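Structure file data_20.cif with mmCIF, C-alpha atoms:
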```cif
data_target
#
loop_
_atom_site.label_atom_id
_atom_site.label_comp_id
_atom_site.auth_asym_id
_atom_site.auth_seq_id
_atom_site.Cartn_x
_atom_site.Cartn_y
_atom_site.Cartn_z
CA MET K 12 -45.29 -105.03 6.10
CA ILE K 13 -47.90 -102.38 5.37
CA ARG K 14 -46.27 -99.03 6.03
CA GLY K 15 -49.35 -97.69 7.80
CA LEU K 16 -49.17 -100.35 10.52
CA ALA K 17 -46.16 -98.55 11.96
CA LEU K 18 -48.50 -95.66 12.75
CA LEU K 19 -50.15 -97.67 15.49
CA GLY K 20 -47.44 -96.56 17.90
CA VAL K 21 -49.05 -93.15 17.99
CA PHE K 22 -52.07 -94.58 19.82
CA LEU K 23 -50.33 -96.72 22.43
CA VAL K 24 -50.29 -93.82 24.92
CA PRO K 25 -53.76 -93.27 26.43
CA THR K 26 -55.32 -89.99 25.35
CA VAL K 27 -58.32 -88.01 26.45
CA VAL K 28 -60.73 -87.27 23.62
CA THR K 29 -62.09 -83.76 23.95
CA PRO K 30 -65.57 -83.25 22.46
CA THR K 31 -65.63 -80.78 19.60
CA ALA K 32 -68.25 -78.79 17.76
CA ALA K 33 -68.17 -81.08 14.73
CA THR K 34 -71.53 -82.54 13.70
CA PRO K 35 -72.80 -84.29 10.56
CA GLU K 36 -73.99 -80.83 9.44
CA ARG K 37 -70.61 -79.25 10.25
CA PRO K 38 -68.23 -81.94 9.07
CA ALA K 39 -64.81 -82.43 10.57
CA VAL K 40 -62.34 -82.05 7.70
CA VAL K 41 -58.70 -83.00 7.22
CA TYR K 42 -57.13 -81.29 4.23
CA ASP K 43 -54.29 -83.23 2.58
CA SER K 44 -52.41 -81.62 -0.32
CA ASP K 45 -48.99 -81.02 -1.80
CA MET K 46 -49.41 -77.27 -1.21
CA ASP K 47 -48.92 -75.85 -4.65
CA PHE K 48 -50.54 -72.54 -5.65
CA ASP K 49 -54.02 -74.03 -6.05
CA ASP K 50 -53.80 -75.95 -2.77
CA ALA K 51 -52.72 -72.83 -0.90
CA SER K 52 -55.69 -70.88 -2.28
CA THR K 53 -57.95 -73.78 -1.33
CA LEU K 54 -56.55 -73.80 2.21
CA ALA K 55 -57.36 -70.08 2.45
CA LEU K 56 -60.95 -70.94 1.49
CA LEU K 57 -61.20 -73.78 4.00
CA CYS K 58 -59.86 -71.53 6.75
CA GLU K 59 -62.59 -68.95 6.07
CA GLU K 60 -65.26 -71.66 5.85
CA HIS K 61 -64.03 -72.94 9.22
CA LYS K 62 -64.36 -69.49 10.75
CA LEU K 63 -67.89 -69.25 9.33
CA GLY K 64 -68.78 -72.54 11.02
CA ARG K 65 -69.61 -74.45 7.84
CA ILE K 66 -66.80 -76.95 8.40
CA ASP K 67 -64.57 -77.93 11.30
CA LEU K 68 -61.05 -77.89 9.83
CA ARG K 69 -59.30 -80.31 12.19
CA ALA K 70 -55.91 -80.70 10.53
CA VAL K 71 -53.83 -79.92 7.47
CA THR K 72 -51.39 -82.47 6.07
CA VAL K 73 -48.83 -82.01 3.33
CA ALA K 74 -47.49 -84.59 0.88
CA ASN K 75 -43.78 -84.18 0.21
CA ASP K 76 -43.87 -86.13 -3.05
CA GLY K 77 -45.81 -83.60 -5.12
CA PHE K 78 -45.40 -80.09 -6.47
CA GLY K 79 -44.54 -78.50 -3.13
CA MET K 80 -40.94 -78.32 -2.04
CA PRO K 81 -40.37 -80.58 1.02
CA GLY K 82 -40.16 -78.49 4.18
CA ARG K 83 -41.19 -75.32 2.40
CA ALA K 84 -44.62 -76.75 1.59
CA ARG K 85 -45.39 -77.21 5.29
CA ARG K 86 -44.09 -73.70 5.97
CA HIS K 87 -46.50 -72.32 3.37
CA ALA K 88 -49.41 -74.17 5.00
CA HIS K 89 -48.49 -72.58 8.33
CA SER K 90 -48.25 -69.17 6.65
CA VAL K 91 -51.73 -69.44 5.14
CA LEU K 92 -53.26 -70.47 8.48
CA GLU K 93 -51.42 -67.75 10.38
CA GLN K 94 -52.44 -65.03 7.94
CA CYS K 95 -56.00 -66.33 7.90
CA GLY K 96 -56.19 -66.15 11.68
CA ARG K 97 -56.15 -69.85 12.62
CA PRO K 98 -52.55 -70.73 13.53
CA ASP K 99 -53.86 -73.28 16.04
CA ILE K 100 -54.87 -75.81 13.39
CA PRO K 101 -52.22 -78.58 13.40
CA VAL K 102 -50.06 -79.16 10.33
CA ALA K 103 -47.89 -82.18 9.52
CA ASP K 104 -46.08 -83.35 6.43
CA GLY K 105 -45.28 -86.75 4.96
CA ALA K 106 -42.36 -88.85 6.05
CA THR K 107 -41.31 -89.47 2.46
CA GLY K 108 -39.83 -87.13 -0.11
CA GLU K 109 -39.62 -87.93 -3.81
CA GLY K 110 -42.50 -89.98 -5.17
CA VAL K 111 -42.67 -92.74 -7.75
CA HIS K 112 -42.76 -90.10 -10.48
CA PRO K 113 -41.11 -86.88 -9.29
CA ALA K 114 -42.85 -83.65 -10.23
CA PRO K 115 -41.01 -81.67 -12.92
CA PRO K 116 -38.38 -79.64 -11.02
CA GLU K 117 -39.02 -76.48 -13.02
CA LEU K 118 -42.66 -76.51 -11.94
CA VAL K 119 -41.71 -77.15 -8.32
CA ALA K 120 -39.34 -74.17 -8.48
CA THR K 121 -42.01 -71.96 -10.04
CA ILE K 122 -44.56 -72.86 -7.36
CA GLU K 123 -42.02 -72.19 -4.63
CA THR K 124 -41.30 -68.75 -6.11
CA VAL K 125 -45.01 -67.96 -6.38
CA LEU K 126 -45.91 -68.99 -2.83
CA THR K 127 -42.86 -67.44 -1.19
CA GLY K 128 -43.64 -64.16 -2.92
CA ALA K 129 -47.36 -64.26 -2.14
CA LEU K 130 -46.99 -65.35 1.49
CA ASP K 131 -43.83 -63.34 2.23
CA ASP K 132 -42.30 -66.20 4.19
CA ALA K 133 -38.82 -66.42 2.68
CA GLY K 134 -36.31 -67.66 5.27
CA ARG K 135 -39.02 -68.73 7.72
CA THR K 136 -39.14 -72.31 8.95
CA SER K 137 -41.67 -74.31 10.92
CA PRO K 138 -40.82 -76.30 14.06
CA PRO K 139 -40.61 -80.07 13.59
CA SER K 140 -43.96 -81.83 13.61
CA ARG K 141 -44.45 -84.43 16.35
CA LEU K 142 -46.53 -86.58 14.00
CA THR K 143 -46.20 -87.48 10.37
CA ALA K 144 -49.04 -86.53 8.03
CA ALA K 145 -50.41 -90.09 7.98
CA GLN K 146 -50.28 -90.27 11.76
CA LEU K 147 -52.16 -86.98 12.10
CA ILE K 148 -54.87 -88.14 9.69
CA ALA K 149 -55.23 -91.44 11.53
CA ARG K 150 -55.32 -89.85 14.98
CA THR K 151 -57.89 -87.29 13.87
CA ALA K 152 -60.12 -90.02 12.45
CA LEU K 153 -59.85 -92.29 15.48
CA THR K 154 -60.50 -89.55 18.05
CA SER K 155 -63.42 -87.85 16.31
CA ARG K 156 -66.95 -88.29 17.64
CA HIS K 157 -68.29 -88.39 14.09
CA PRO K 158 -66.71 -89.87 10.93
CA ILE K 159 -64.44 -87.30 9.34
CA THR K 160 -64.07 -86.08 5.77
CA VAL K 161 -60.69 -86.17 4.07
CA LEU K 162 -60.20 -83.73 1.21
CA ALA K 163 -57.13 -84.79 -0.81
CA THR K 164 -55.72 -82.66 -3.61
CA GLY K 165 -52.18 -83.98 -4.07
CA PRO K 166 -50.48 -87.37 -4.38
CA MET K 167 -52.41 -89.92 -2.32
CA SER K 168 -49.45 -91.21 -0.28
CA ASN K 169 -50.43 -89.72 3.10
CA VAL K 170 -54.07 -90.78 2.89
CA ALA K 171 -53.24 -94.28 1.67
CA ASP K 172 -50.86 -94.78 4.61
CA ALA K 173 -53.42 -93.49 7.10
CA LEU K 174 -56.05 -95.87 5.72
CA ALA K 175 -53.73 -98.81 6.45
CA VAL K 176 -54.17 -98.22 10.19
CA PRO K 177 -56.79 -100.63 11.59
CA GLY K 178 -60.05 -98.87 12.34
CA VAL K 179 -59.33 -95.75 10.30
CA PRO K 180 -61.34 -96.58 7.13
CA ALA K 181 -64.52 -96.94 9.18
CA ARG K 182 -63.94 -93.52 10.74
CA ILE K 183 -63.61 -91.69 7.43
CA GLY K 184 -67.10 -91.06 6.10
CA ARG K 185 -66.05 -89.34 2.89
CA VAL K 186 -62.86 -89.13 0.87
CA GLN K 187 -63.09 -86.27 -1.61
CA LEU K 188 -60.29 -86.53 -4.16
CA MET K 189 -59.14 -84.11 -6.80
CA GLY K 190 -57.57 -86.45 -9.29
CA GLY K 191 -57.89 -88.51 -12.41
CA ALA K 192 -59.29 -88.02 -15.89
CA ILE K 193 -62.13 -90.34 -16.92
CA ALA K 194 -63.55 -89.33 -20.31
CA VAL K 195 -61.14 -86.49 -21.09
CA GLY K 196 -57.41 -86.19 -21.68
CA GLY K 197 -54.97 -85.78 -18.83
CA ASN K 198 -52.80 -82.87 -17.78
CA LEU K 199 -50.76 -81.52 -20.65
CA TYR K 200 -47.02 -81.16 -20.30
CA GLY K 201 -44.66 -80.41 -23.15
CA SER K 202 -41.46 -82.08 -21.94
CA ALA K 203 -40.89 -85.82 -21.93
CA LEU K 204 -41.49 -87.40 -18.52
CA PRO K 205 -40.95 -91.08 -17.63
CA GLY K 206 -44.22 -92.96 -17.60
CA PHE K 207 -46.27 -89.96 -18.75
CA ASP K 208 -48.06 -89.54 -22.08
CA ASN K 209 -50.57 -86.76 -21.22
CA SER K 210 -53.36 -89.26 -20.57
CA GLN K 211 -52.91 -88.94 -16.79
CA GLU K 212 -53.77 -86.36 -14.17
CA PHE K 213 -50.69 -85.36 -12.19
CA ASN K 214 -51.92 -86.14 -8.64
CA LEU K 215 -52.46 -89.82 -9.40
CA TRP K 216 -49.46 -90.06 -11.73
CA MET K 217 -46.99 -88.97 -9.05
CA ASP K 218 -47.74 -92.02 -6.87
CA PRO K 219 -49.85 -94.65 -8.69
CA PRO K 220 -49.40 -97.33 -5.97
CA ALA K 221 -50.74 -94.96 -3.31
CA ALA K 222 -53.75 -94.13 -5.49
CA ARG K 223 -54.39 -97.85 -5.98
CA ASP K 224 -54.04 -98.56 -2.26
CA LEU K 225 -56.37 -95.71 -1.33
CA LEU K 226 -59.07 -97.13 -3.60
CA ARG K 227 -58.65 -100.57 -2.06
CA ARG K 228 -58.56 -99.45 1.57
CA ALA K 229 -61.25 -96.76 1.74
CA ARG K 230 -64.67 -97.65 3.09
CA PRO K 231 -66.95 -98.77 0.21
CA GLY K 232 -69.02 -95.90 -1.11
CA SER K 233 -66.92 -93.21 0.58
CA ILE K 234 -64.87 -92.01 -2.41
CA HIS K 235 -65.99 -88.97 -4.39
CA LEU K 236 -63.73 -88.14 -7.30
CA VAL K 237 -63.42 -84.65 -8.81
CA PRO K 238 -61.41 -85.32 -11.99
CA LEU K 239 -60.34 -83.18 -14.93
CA ASP K 240 -63.71 -83.96 -16.49
CA ALA K 241 -65.22 -81.52 -13.98
CA THR K 242 -62.39 -79.06 -13.39
CA ARG K 243 -62.29 -78.12 -17.09
CA PHE K 244 -65.44 -76.10 -16.39
CA VAL K 245 -63.61 -73.75 -13.98
CA PRO K 246 -60.66 -72.10 -15.74
CA ILE K 247 -58.59 -69.44 -14.01
CA THR K 248 -58.92 -66.20 -15.94
CA ASP K 249 -57.38 -62.75 -15.57
CA GLU K 250 -60.86 -61.30 -15.22
CA TYR K 251 -61.76 -63.53 -12.28
CA VAL K 252 -58.43 -62.92 -10.55
CA ALA K 253 -59.08 -59.19 -10.88
CA ARG K 254 -62.55 -59.73 -9.43
CA ILE K 255 -61.06 -61.45 -6.38
CA GLY K 256 -58.63 -58.58 -5.91
CA ALA K 257 -61.25 -55.87 -6.32
CA SER K 258 -63.60 -57.39 -3.75
CA ALA K 259 -61.09 -58.87 -1.27
CA ARG K 260 -62.26 -57.99 2.23
CA ALA K 261 -61.16 -61.01 4.26
CA PRO K 262 -57.72 -62.61 4.73
CA GLY K 263 -58.63 -65.64 2.61
CA ALA K 264 -59.46 -63.52 -0.43
CA ARG K 265 -56.36 -61.39 0.00
CA ILE K 266 -54.20 -64.53 0.19
CA ALA K 267 -55.79 -66.06 -2.92
CA TYR K 268 -55.40 -62.82 -4.86
CA ARG K 269 -51.74 -62.41 -3.92
CA ILE K 270 -51.09 -65.97 -5.09
CA ALA K 271 -52.99 -65.75 -8.38
CA SER K 272 -51.50 -62.35 -9.26
CA GLN K 273 -47.86 -63.39 -8.82
CA PRO K 274 -46.04 -62.73 -12.13
CA ASP K 275 -44.87 -66.32 -12.70
CA LEU K 276 -48.38 -67.65 -12.23
CA ALA K 277 -50.03 -64.84 -14.18
CA ALA K 278 -47.91 -65.82 -17.18
CA LEU K 279 -49.31 -69.37 -17.03
CA ILE K 280 -52.87 -68.11 -16.62
CA ASP K 281 -52.43 -66.10 -19.82
CA LEU K 282 -51.79 -69.40 -21.65
CA ASP K 283 -55.30 -70.64 -20.75
CA ILE K 284 -53.92 -73.83 -19.17
CA MET K 285 -54.68 -73.14 -15.51
CA PHE K 286 -57.82 -74.24 -13.68
CA TRP K 287 -59.24 -74.11 -10.15
CA TRP K 288 -58.63 -77.85 -9.79
CA ASP K 289 -58.40 -78.12 -6.01
CA ALA K 290 -60.74 -75.24 -5.28
CA LEU K 291 -63.59 -76.97 -7.13
CA ALA K 292 -63.09 -80.08 -4.99
CA ALA K 293 -63.33 -77.95 -1.85
CA VAL K 294 -66.22 -75.72 -2.92
CA SER K 295 -68.28 -78.70 -4.09
CA LEU K 296 -67.68 -80.36 -0.72
CA VAL K 297 -69.16 -77.40 1.16
CA HIS K 298 -71.67 -76.36 -1.51
CA PRO K 299 -72.73 -79.44 -3.53
CA SER K 300 -75.03 -77.35 -5.71
CA VAL K 301 -72.05 -76.26 -7.87
CA VAL K 302 -71.97 -79.83 -9.22
CA THR K 303 -74.34 -80.14 -12.15
CA ALA K 304 -73.63 -83.76 -13.11
CA SER K 305 -72.12 -86.81 -11.43
CA ARG K 306 -72.34 -90.56 -11.89
CA PRO K 307 -71.22 -93.84 -10.38
CA ALA K 308 -68.18 -95.50 -11.92
CA ARG K 309 -65.76 -98.33 -11.26
CA ILE K 310 -62.20 -97.15 -11.64
CA ALA K 311 -58.68 -98.52 -11.43
CA ILE K 312 -55.25 -96.91 -11.70
CA VAL K 313 -52.74 -98.08 -14.32
CA GLN K 314 -49.53 -98.96 -12.50
CA ASP K 315 -46.89 -99.39 -15.19
CA GLY K 316 -45.81 -98.23 -18.60
CA ALA K 317 -46.30 -94.98 -20.49
CA GLN K 318 -49.80 -94.56 -19.02
CA SER K 319 -48.91 -95.26 -15.38
CA GLY K 320 -51.22 -93.27 -13.15
CA ARG K 321 -54.01 -93.13 -15.70
CA THR K 322 -57.56 -93.49 -14.38
CA VAL K 323 -59.50 -96.16 -16.27
CA GLU K 324 -63.03 -97.52 -15.98
CA THR K 325 -63.22 -101.28 -15.62
CA ALA K 326 -65.80 -103.77 -14.40
CA HIS K 327 -63.37 -104.89 -11.71
CA GLY K 328 -62.57 -101.38 -10.47
CA THR K 329 -63.48 -99.68 -7.20
CA PRO K 330 -66.96 -98.11 -7.08
CA VAL K 331 -66.72 -94.33 -6.76
CA THR K 332 -68.88 -91.29 -7.41
CA VAL K 333 -67.41 -89.17 -10.21
CA VAL K 334 -68.19 -85.48 -10.67
CA THR K 335 -68.42 -84.77 -14.40
CA GLU K 336 -69.72 -81.19 -14.73
CA ALA K 337 -69.78 -77.99 -12.68
CA ASP K 338 -71.54 -74.65 -12.88
CA ARG K 339 -68.78 -72.10 -13.48
CA ALA K 340 -70.76 -69.02 -12.46
CA ALA K 341 -72.00 -70.66 -9.27
CA PHE K 342 -68.51 -71.91 -8.43
CA GLU K 343 -66.92 -68.51 -8.95
CA GLN K 344 -69.48 -66.78 -6.75
CA MET K 345 -69.30 -69.36 -3.96
CA PHE K 346 -65.51 -69.49 -4.05
CA LEU K 347 -65.31 -65.71 -3.87
CA ASP K 348 -67.90 -65.45 -1.11
CA GLY K 349 -66.18 -68.20 0.86
CA LEU K 350 -62.78 -66.51 0.54
CA ASN K 351 -64.40 -63.30 1.78
CA GLY K 352 -66.04 -64.95 4.77
CA VAL K 353 -69.56 -64.24 3.57
CA SER K 354 -72.08 -65.90 5.85
CA PRO K 355 -75.44 -67.38 4.78
CA ARG K 356 -77.12 -64.30 6.23
CA ASP K 357 -75.08 -62.09 3.93
CA ASN K 358 -75.89 -64.21 0.89
CA PRO K 359 -78.68 -66.76 1.48
CA ALA K 360 -77.88 -68.68 -1.71
CA VAL K 361 -74.43 -69.51 -0.37
CA GLY K 362 -75.85 -71.19 2.67
CA HIS K 363 -77.56 -73.92 0.62
CA ARG K 364 -75.82 -77.26 1.18
CA GLY K 365 -77.71 -79.22 -1.45
#
```

Would you give me this structure, written as structure tokens?
Amino acid sequence: MIRGLALLGVFLVPTVVTPTAATPERPAVVYDSDMDFDDASTLALLCEEHKLGRIDLRAVTVANDGFGMPGRARRHAHSVLEQCGRPDIPVADGATGEGVHPAPPELVATIETVLTGALDDAGRTSPPSRLTAAQLIARTALTSRHPITVLATGPMSNVADALAVPGVPARIGRVQLMGGAIAVGGNLYGSALPGFDNSQEFNLWMDPPAARDLLRRARPGSIHLVPLDATRFVPITDEYVARIGASARAPGARIAYRIASQPDLAALIDLDIMFWWDALAAVSLVHPSVVTASRPARIAIVQDGAQSGRTVETAHGTPVTVVTEADRAAFEQMFLDGLNGVSPRDNPAVGHRG
């Protein structure tokens, strides 16, 4: 049985759909991630963009099979939303824990240390969620007046399960994924990991079947992929982190600065191996002009062997739009302005949607 079919029980009780302010120009967004440091900074951005009225952030869902620590990852999402001033946005996490390929435990521990320190939420817990992440995605899609956008920056397990619910694919107009590596190498990791040879990007490697199922289930033409080909143009640097800190005037910017300046993360930034992976996927969703090159491609996900999770182009693959290049200066300015809640009136260039 398809796991997602079990989600149908959520919709057996009649509900009243309340009209919202979402429009095609102000898209309704569900943010799905594994809530590592980059995801948390991206959530801070999305919260500020929501307050500005450029998006309608309907829900936040957390995958428990990625780099976030199960339970704690959802707590961190709540902390970001509370500190940003939107604690009313619903949050749910996945029903599953460890994925096909578990994230390296030392990296999970480092991310937990970074986020707990930055968000000052040690010892705090969140109340149980009434819905699982996949159920929340599905309900949001099925009760929205307009097709929603799903921004996914972690393992694809939650989104793949939601897309298995009848009617959901047609109600998701765009799936923006941070994942994959098309014409470049994958994430680098020094230690030996099962089924990993540095040709893969971590998000798709952690649950290759979910990535495959997402490609198969999503509405044709809806998938936009932001792979390592594009994110290599937006490295995290000490100079830019300092710039965020020096100009932080809104909660989102202060959150992002506290995260990026945590000692354990600063040490990795100094190695020149850290990038604004998830933030580029979010900024390019709101401000498409940061993308300087994209192309159609047919992709598939390797399922087995040393290259499991690798993104490959093949004539029989799923048609997607792949972002291949980004304007670093434009990204940095738009990310910073978004974190600071700068409106189009404050900076007219930021208001351009492409």

Quiz item: Between CA of Thr329 (chain K) and CA of Leu236 (chain K), what is the distance, to one decimal in Å?
Solution: 11.5 Å

Can you list what the PyMOL selection byres ((chain K and resi 337) around 9) grabs from this structure, as a PDB file with C-alpha atoms, keeping the file's coordinate frame?
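expr.pdb was written with the following content:
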```pdb
ATOM      1  CA  ALA K 241     -65.220 -81.520 -13.980  1.00  0.00           C
ATOM      2  CA  THR K 242     -62.390 -79.060 -13.390  1.00  0.00           C
ATOM      3  CA  ARG K 243     -62.290 -78.120 -17.090  1.00  0.00           C
ATOM      4  CA  PHE K 244     -65.440 -76.100 -16.390  1.00  0.00           C
ATOM      5  CA  VAL K 245     -63.610 -73.750 -13.980  1.00  0.00           C
ATOM      6  CA  LEU K 291     -63.590 -76.970  -7.130  1.00  0.00           C
ATOM      7  CA  SER K 295     -68.280 -78.700  -4.090  1.00  0.00           C
ATOM      8  CA  SER K 300     -75.030 -77.350  -5.710  1.00  0.00           C
ATOM      9  CA  VAL K 301     -72.050 -76.260  -7.870  1.00  0.00           C
ATOM     10  CA  VAL K 302     -71.970 -79.830  -9.220  1.00  0.00           C
ATOM     11  CA  THR K 303     -74.340 -80.140 -12.150  1.00  0.00           C
ATOM     12  CA  ALA K 304     -73.630 -83.760 -13.110  1.00  0.00           C
ATOM     13  CA  VAL K 334     -68.190 -85.480 -10.670  1.00  0.00           C
ATOM     14  CA  THR K 335     -68.420 -84.770 -14.400  1.00  0.00           C
ATOM     15  CA  GLU K 336     -69.720 -81.190 -14.730  1.00  0.00           C
ATOM     16  CA  ASP K 338     -71.540 -74.650 -12.880  1.00  0.00           C
ATOM     17  CA  ARG K 339     -68.780 -72.100 -13.480  1.00  0.00           C
ATOM     18  CA  ALA K 341     -72.000 -70.660  -9.270  1.00  0.00           C
ATOM     19  CA  PHE K 342     -68.510 -71.910  -8.430  1.00  0.00           C
TER      20      PHE K 342
END
```

Practice problem: Quick one: everything within 7 Å of region 207-216 of chain K, counting only C-alpha atoms, minus sequence neighbours fewer than 5 positions away in the same chain. Send it as a list in words. | Solution: His112, Gly165, Pro166, Gly190, Gly191, Ala192, Gly196, Gly197, Asn198, Leu199, Tyr200, Ala222, Ala317, Gln318, Ser319, Gly320, Arg321 and Thr322 of chain K

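Proximity of K:Ala257, K:Leu153, K:Ala114, K:Ala326 to Asn75 (chain K), computed with all atoms listed in the file, is greatest for K:Ala114.
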
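Distances from K:Asp50, K:Glu123, K:Asp67, K:Asp240 to Val333 (chain K) were compared using all atoms listed in the file, and the smallest one belongs to K:Asp240.
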
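With distances restricted to only C-alpha atoms, K:Val41 is the closest residue to Ile148 (chain K) from K:Ala74, K:Val41, K:Val125, K:Ala253.
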
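Here CA of Trp287 (chain K) stands at a distance of 16.2 Å from CA of Tyr42 (chain K).
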
Exercise. Using only C-alpha atoms, determine which residues lie at most 12 Å from Ala277 (chain K), disregarding the query and same-chain residues fewer than 3 positions distant; provide the list as a list in words.
Key: Phe48, Thr121, Ile122, Val125, Ile247, Thr248, Asp249, Glu250, Tyr251, Val252, Ala253, Tyr268, Arg269, Ile270, Ala271, Ser272, Gln273, Pro274, Ile280, Asp281, Leu282, Asp283, Ile284 and Met285 of chain K

Exercise. In the coordinates of the file, take the point (-51.9, -98.8, -4.4) and a cut-off of 12 Å; then, counting all atoms listed in the file, name each qualifying protein, DNA or RNA residue as an NGL selection string.
Key: :K and (13-14 or 111 or 166-172 or 174-175 or 215-229 or 311-315 or 319-320 or 329)

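For the pair CA of Val73 (chain K) and CA of Leu130 (chain K), the interatomic distance is 16.9 Å.
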
Quiz item: What lies within 9 Å of region 80-90 of chain K using all atoms listed in the file, ignoring chain neighbours under 3 positions off, as a PyMOL selection string?
Solution: chain K and resi 45-47+51+54+71-77+93-95+98+100-105+108-109+119-120+122-123+126-127+130-132+135-137

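The shell of residues at most 6 Å from region 177-182 of chain K, with all atoms listed in the file counted and near chain neighbours (fewer than 5 positions) removed, consists of K:Ala152, K:Pro158, K:Ala229, K:Arg230.
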
Quiz item: Which residues, written as a PyMOL selection string, have at least one atom at most 9 Å from Pro262 (chain K), with all atoms listed in the file counted and residues fewer than 6 positions away on the same chain left out?
Solution: chain K and resi 55+59+94-96+350-352

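For the file at hand, the PyMOL selection byres ((chain K and resi 234) around 7) resolves to Arg185, Val186, Gln187, Gly232, Ser233, His235, Leu236, Val331 and Thr332 of chain K.
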
Selection export as a CSV table (one decimal), in the coordinates of the input, atoms kept: C-alpha atoms:
```
chain,number,residue,atom,x,y,z
K,185,ARG,CA,-66.0,-89.3,2.9
K,186,VAL,CA,-62.9,-89.1,0.9
K,187,GLN,CA,-63.1,-86.3,-1.6
K,232,GLY,CA,-69.0,-95.9,-1.1
K,233,SER,CA,-66.9,-93.2,0.6
K,235,HIS,CA,-66.0,-89.0,-4.4
K,236,LEU,CA,-63.7,-88.1,-7.3
K,331,VAL,CA,-66.7,-94.3,-6.8
K,332,THR,CA,-68.9,-91.3,-7.4
```

Quiz item: the PyMOL selection byres ((chain K and resi 189) around 7) on the file shown: which residues, as a PyMOL selection string?
Solution: chain K and resi 163-164+187-188+190+236-238+288-289+292

From the block you just saw, export region 141-157 of chain K: N, CA and C atoms, as a PDB file, in the first residue's frame.
```pdb
ATOM      1  N   ARG K 141      -0.962  17.556  15.956  1.00  0.00           N
ATOM      2  CA  ARG K 141      -2.139  16.742  15.655  1.00  0.00           C
ATOM      3  C   ARG K 141      -1.986  16.023  14.332  1.00  0.00           C
ATOM      4  N   LEU K 142      -1.246  16.612  13.405  1.00  0.00           N
ATOM      5  CA  LEU K 142      -1.043  16.036  12.083  1.00  0.00           C
ATOM      6  C   LEU K 142       0.424  15.699  11.889  1.00  0.00           C
ATOM      7  N   THR K 143       0.694  14.717  11.041  1.00  0.00           N
ATOM      8  CA  THR K 143       2.056  14.504  10.601  1.00  0.00           C
ATOM      9  C   THR K 143       2.402  15.556   9.544  1.00  0.00           C
ATOM     10  N   ALA K 144       3.674  15.636   9.204  1.00  0.00           N
ATOM     11  CA  ALA K 144       4.103  16.605   8.194  1.00  0.00           C
ATOM     12  C   ALA K 144       3.399  16.362   6.867  1.00  0.00           C
ATOM     13  N   ALA K 145       3.340  15.106   6.428  1.00  0.00           N
ATOM     14  CA  ALA K 145       2.700  14.805   5.146  1.00  0.00           C
ATOM     15  C   ALA K 145       1.217  15.154   5.179  1.00  0.00           C
ATOM     16  N   GLN K 146       0.574  14.906   6.290  1.00  0.00           N
ATOM     17  CA  GLN K 146      -0.838  15.252   6.419  1.00  0.00           C
ATOM     18  C   GLN K 146      -1.045  16.761   6.349  1.00  0.00           C
ATOM     19  N   LEU K 147      -0.168  17.525   6.984  1.00  0.00           N
ATOM     20  CA  LEU K 147      -0.299  18.978   6.962  1.00  0.00           C
ATOM     21  C   LEU K 147      -0.085  19.523   5.556  1.00  0.00           C
ATOM     22  N   ILE K 148       0.894  18.983   4.835  1.00  0.00           N
ATOM     23  CA  ILE K 148       1.107  19.406   3.450  1.00  0.00           C
ATOM     24  C   ILE K 148      -0.133  19.108   2.616  1.00  0.00           C
ATOM     25  N   ALA K 149      -0.648  17.889   2.752  1.00  0.00           N
ATOM     26  CA  ALA K 149      -1.807  17.490   1.951  1.00  0.00           C
ATOM     27  C   ALA K 149      -3.029  18.333   2.281  1.00  0.00           C
ATOM     28  N   ARG K 150      -3.288  18.556   3.562  1.00  0.00           N
ATOM     29  CA  ARG K 150      -4.452  19.346   3.939  1.00  0.00           C
ATOM     30  C   ARG K 150      -4.326  20.774   3.423  1.00  0.00           C
ATOM     31  N   THR K 151      -3.132  21.340   3.535  1.00  0.00           N
ATOM     32  CA  THR K 151      -2.924  22.710   3.063  1.00  0.00           C
ATOM     33  C   THR K 151      -3.191  22.807   1.566  1.00  0.00           C
ATOM     34  N   ALA K 152      -2.712  21.824   0.808  1.00  0.00           N
ATOM     35  CA  ALA K 152      -2.923  21.828  -0.639  1.00  0.00           C
ATOM     36  C   ALA K 152      -4.395  21.696  -0.996  1.00  0.00           C
ATOM     37  N   LEU K 153      -5.086  20.786  -0.322  1.00  0.00           N
ATOM     38  CA  LEU K 153      -6.466  20.491  -0.682  1.00  0.00           C
ATOM     39  C   LEU K 153      -7.465  21.552  -0.222  1.00  0.00           C
ATOM     40  N   THR K 154      -7.077  22.388   0.730  1.00  0.00           N
ATOM     41  CA  THR K 154      -7.990  23.414   1.234  1.00  0.00           C
ATOM     42  C   THR K 154      -7.619  24.813   0.775  1.00  0.00           C
ATOM     43  N   SER K 155      -6.644  24.924  -0.120  1.00  0.00           N
ATOM     44  CA  SER K 155      -6.239  26.240  -0.609  1.00  0.00           C
ATOM     45  C   SER K 155      -7.059  26.641  -1.830  1.00  0.00           C
ATOM     46  N   ARG K 156      -7.418  27.909  -1.909  1.00  0.00           N
ATOM     47  CA  ARG K 156      -8.167  28.394  -3.071  1.00  0.00           C
ATOM     48  C   ARG K 156      -7.324  28.334  -4.338  1.00  0.00           C
ATOM     49  N   HIS K 157      -6.024  28.579  -4.201  1.00  0.00           N
ATOM     50  CA  HIS K 157      -5.127  28.544  -5.335  1.00  0.00           C
ATOM     51  C   HIS K 157      -4.113  27.427  -5.127  1.00  0.00           C
TER      52      HIS K 157
END
```
